[in-house]
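To start, the structure itself, in structure tokens.
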Amino acid sequence: MDKLKKYFFKRYIRKISHTPRYISWDDASTVVALFHSSTSDIAEAEKIIAHLTAQGKQVAAYYFNANQRRPIASSLKQIHILTTKDFNLLGRPCRNRVVLAESANIVLDLTMYKTLAMSYIAVTIESAMICGAAPQADSVMRYDFQIDIEQNTENTPTNLLSQIEKYLKIIKSEK
């Protein structure tokens with residue numbers, strides 16, 4: 001089944017016209033952040049959103065809760081909590097259950113554990129740039145800007161965000 005899902009995801013990526021445009025961190029006004037429950041808890045996601053909002057960025061976040069037996073809730077309205085029920089058999093978001101942000105300057109995939117469901121969200125949102133940690137070798141997801149992370153370091157979404165932020169501040173935006 002996984003091979004079939006990856007096949008349809010590759011077809012979906014080919015249909016989407018995404019031309020990366022590299023922008024500076026300071027020039028980005030809207031950000032979409034993706035989280036996965038296996039690598040971050042909801043409190044860490046809320047802390048990251050508060051950090052981004054304090055920098056003057058409009059934030060929409062999607063938090064994938066892999067453990068449906070333990071429901072979670074967030075006090076922030078920017079966080080959309082998703083479960084496997086919100087996706088079809090191929091991993092695509094169900095249009096009647098998941099309302100995606102229409103566009104963003106940057107999509108930040110802060111998930112260390114890559115799933116097709118979150119990859120669909122990352123490529124579906126119209127954005128100038130998609131950033132994230134370098135995916136596993138068998139993954140079909142590719143980013144416009146990716147950070148290679150070492151396996152022996154503490155890999156948390158907060159650390160990944162600080163690395164992405166550091167490098168994007170160096171980039172000069174194309175005008």
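So you can find residues: chains in the structure tokens are A, B, ... in the order shown, residues in each start at 1, and ligands are numbered from 1 in order.
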
Those in chain A with strand (DSSP E or B) from DSSP, as a PDB file with C-alpha atoms, in the first residue's frame:
```pdb
ATOM      1  CA  THR A  30       3.006  34.655   6.537  1.00  0.00           C
ATOM      2  CA  VAL A  31       4.205  31.261   7.732  1.00  0.00           C
ATOM      3  CA  VAL A  32       2.580  27.824   7.823  1.00  0.00           C
ATOM      4  CA  ALA A  33       4.138  25.431  10.354  1.00  0.00           C
ATOM      5  CA  LEU A  34       3.676  21.644  10.300  1.00  0.00           C
ATOM      6  CA  PHE A  35       4.106  19.497  13.419  1.00  0.00           C
ATOM      7  CA  HIS A  36       3.877  15.762  14.164  1.00  0.00           C
ATOM      8  CA  GLN A  58       0.941  35.632  10.612  1.00  0.00           C
ATOM      9  CA  VAL A  59       0.984  31.934  11.485  1.00  0.00           C
ATOM     10  CA  ALA A  60      -1.206  28.971  10.609  1.00  0.00           C
ATOM     11  CA  ALA A  61      -0.181  25.609  12.051  1.00  0.00           C
ATOM     12  CA  TYR A  62      -1.177  22.003  11.412  1.00  0.00           C
ATOM     13  CA  TYR A  63      -0.483  19.450  14.144  1.00  0.00           C
ATOM     14  CA  PHE A  64      -0.819  15.784  13.201  1.00  0.00           C
ATOM     15  CA  ILE A  79      -3.364  25.360  15.433  1.00  0.00           C
ATOM     16  CA  HIS A  80      -5.436  22.906  13.422  1.00  0.00           C
ATOM     17  CA  ILE A  81      -5.225  19.469  15.018  1.00  0.00           C
ATOM     18  CA  LEU A  82      -5.441  16.646  12.490  1.00  0.00           C
ATOM     19  CA  PHE A  87      -7.105  12.088   5.368  1.00  0.00           C
ATOM     20  CA  PRO A  93      -6.413  15.745   3.101  1.00  0.00           C
ATOM     21  CA  SER A 103      -1.080  30.819   0.615  1.00  0.00           C
ATOM     22  CA  ALA A 104       2.003  31.592   2.668  1.00  0.00           C
ATOM     23  CA  ASN A 105       5.441  33.016   2.116  1.00  0.00           C
ATOM     24  CA  ILE A 106       7.120  30.047   3.815  1.00  0.00           C
ATOM     25  CA  VAL A 107       5.921  26.557   4.716  1.00  0.00           C
ATOM     26  CA  LEU A 108       7.971  25.189   7.632  1.00  0.00           C
ATOM     27  CA  ASP A 109       7.840  21.404   7.887  1.00  0.00           C
ATOM     28  CA  GLU A 126       0.669  27.861  -2.405  1.00  0.00           C
ATOM     29  CA  SER A 127       3.981  29.160  -1.096  1.00  0.00           C
ATOM     30  CA  ALA A 128       7.174  30.825  -2.209  1.00  0.00           C
ATOM     31  CA  MET A 129       9.373  28.356  -0.330  1.00  0.00           C
ATOM     32  CA  ILE A 130       9.025  25.027   1.488  1.00  0.00           C
ATOM     33  CA  CYS A 131      11.591  24.400   4.238  1.00  0.00           C
ATOM     34  CA  GLY A 132      12.298  21.390   6.415  1.00  0.00           C
ATOM     35  CA  ALA A 133      14.720  18.768   7.648  1.00  0.00           C
ATOM     36  CA  PHE A 145      15.422  24.705   1.365  1.00  0.00           C
ATOM     37  CA  GLN A 146      16.409  21.805   3.586  1.00  0.00           C
ATOM     38  CA  ILE A 147      18.596  21.383   6.643  1.00  0.00           C
TER      39      ILE A 147
END
```

What are the DSSP helix (DSSP H, G or I) residues of chain A, as a VMD selection string? chain A and resid 2 to 15 42 to 54 84 to 86 116 to 124 157 to 170

Export C-alpha atoms of the chosen residues as a CSV table (one decimal), in the first residue's frame?
```
chain,number,residue,atom,x,y,z
A,2,ASP,CA,2.9,2.4,0.8
A,3,LYS,CA,4.3,2.0,-2.8
A,4,LEU,CA,0.9,2.9,-4.2
A,5,LYS,CA,0.6,5.9,-1.9
A,6,LYS,CA,4.1,7.1,-3.0
A,7,TYR,CA,3.2,6.6,-6.6
A,8,PHE,CA,0.1,8.8,-6.4
A,9,PHE,CA,2.0,11.4,-4.3
A,10,LYS,CA,4.7,11.6,-7.0
A,11,ARG,CA,1.9,12.1,-9.7
A,12,TYR,CA,0.4,14.8,-7.5
A,13,ILE,CA,3.7,16.7,-7.2
A,14,ARG,CA,4.2,16.6,-11.0
A,15,LYS,CA,0.8,18.2,-11.5
A,42,ILE,CA,1.4,20.5,21.7
A,43,ALA,CA,3.1,22.8,24.2
A,44,GLU,CA,6.2,23.0,22.1
A,45,ALA,CA,4.1,23.8,19.0
A,46,GLU,CA,2.3,26.6,20.9
A,47,LYS,CA,5.7,28.0,22.1
A,48,ILE,CA,7.0,28.1,18.5
A,49,ILE,CA,3.8,29.8,17.3
A,50,ALA,CA,4.2,32.4,20.0
A,51,HIS,CA,7.8,33.0,18.9
A,52,LEU,CA,6.8,33.4,15.3
A,53,THR,CA,3.9,35.7,16.2
A,54,ALA,CA,6.2,37.8,18.4
A,84,THR,CA,-5.8,10.0,10.4
A,85,LYS,CA,-9.6,10.5,10.0
A,86,ASP,CA,-8.9,13.8,8.3
A,116,LEU,CA,2.6,11.5,3.2
A,117,ALA,CA,-0.3,13.3,4.9
A,118,MET,CA,1.8,16.2,6.1
A,119,SER,CA,3.8,16.2,2.8
A,120,TYR,CA,0.5,16.6,0.9
A,121,ILE,CA,-0.3,19.7,3.1
A,122,ALA,CA,3.2,21.1,2.5
A,123,VAL,CA,2.9,21.0,-1.3
A,124,THR,CA,-0.8,21.9,-1.5
A,157,PRO,CA,11.3,21.3,16.1
A,158,THR,CA,12.6,24.3,18.1
A,159,ASN,CA,16.2,23.5,17.1
A,160,LEU,CA,15.2,22.9,13.5
A,161,LEU,CA,13.4,26.3,13.4
A,162,SER,CA,16.4,28.1,14.9
A,163,GLN,CA,18.6,26.6,12.2
A,164,ILE,CA,16.2,27.5,9.4
A,165,GLU,CA,15.7,31.0,10.8
A,166,LYS,CA,19.5,31.5,11.0
A,167,TYR,CA,20.1,30.5,7.3
A,168,LEU,CA,17.1,32.4,5.9
A,169,LYS,CA,18.2,35.6,7.6
A,170,ILE,CA,21.4,35.4,5.4
```
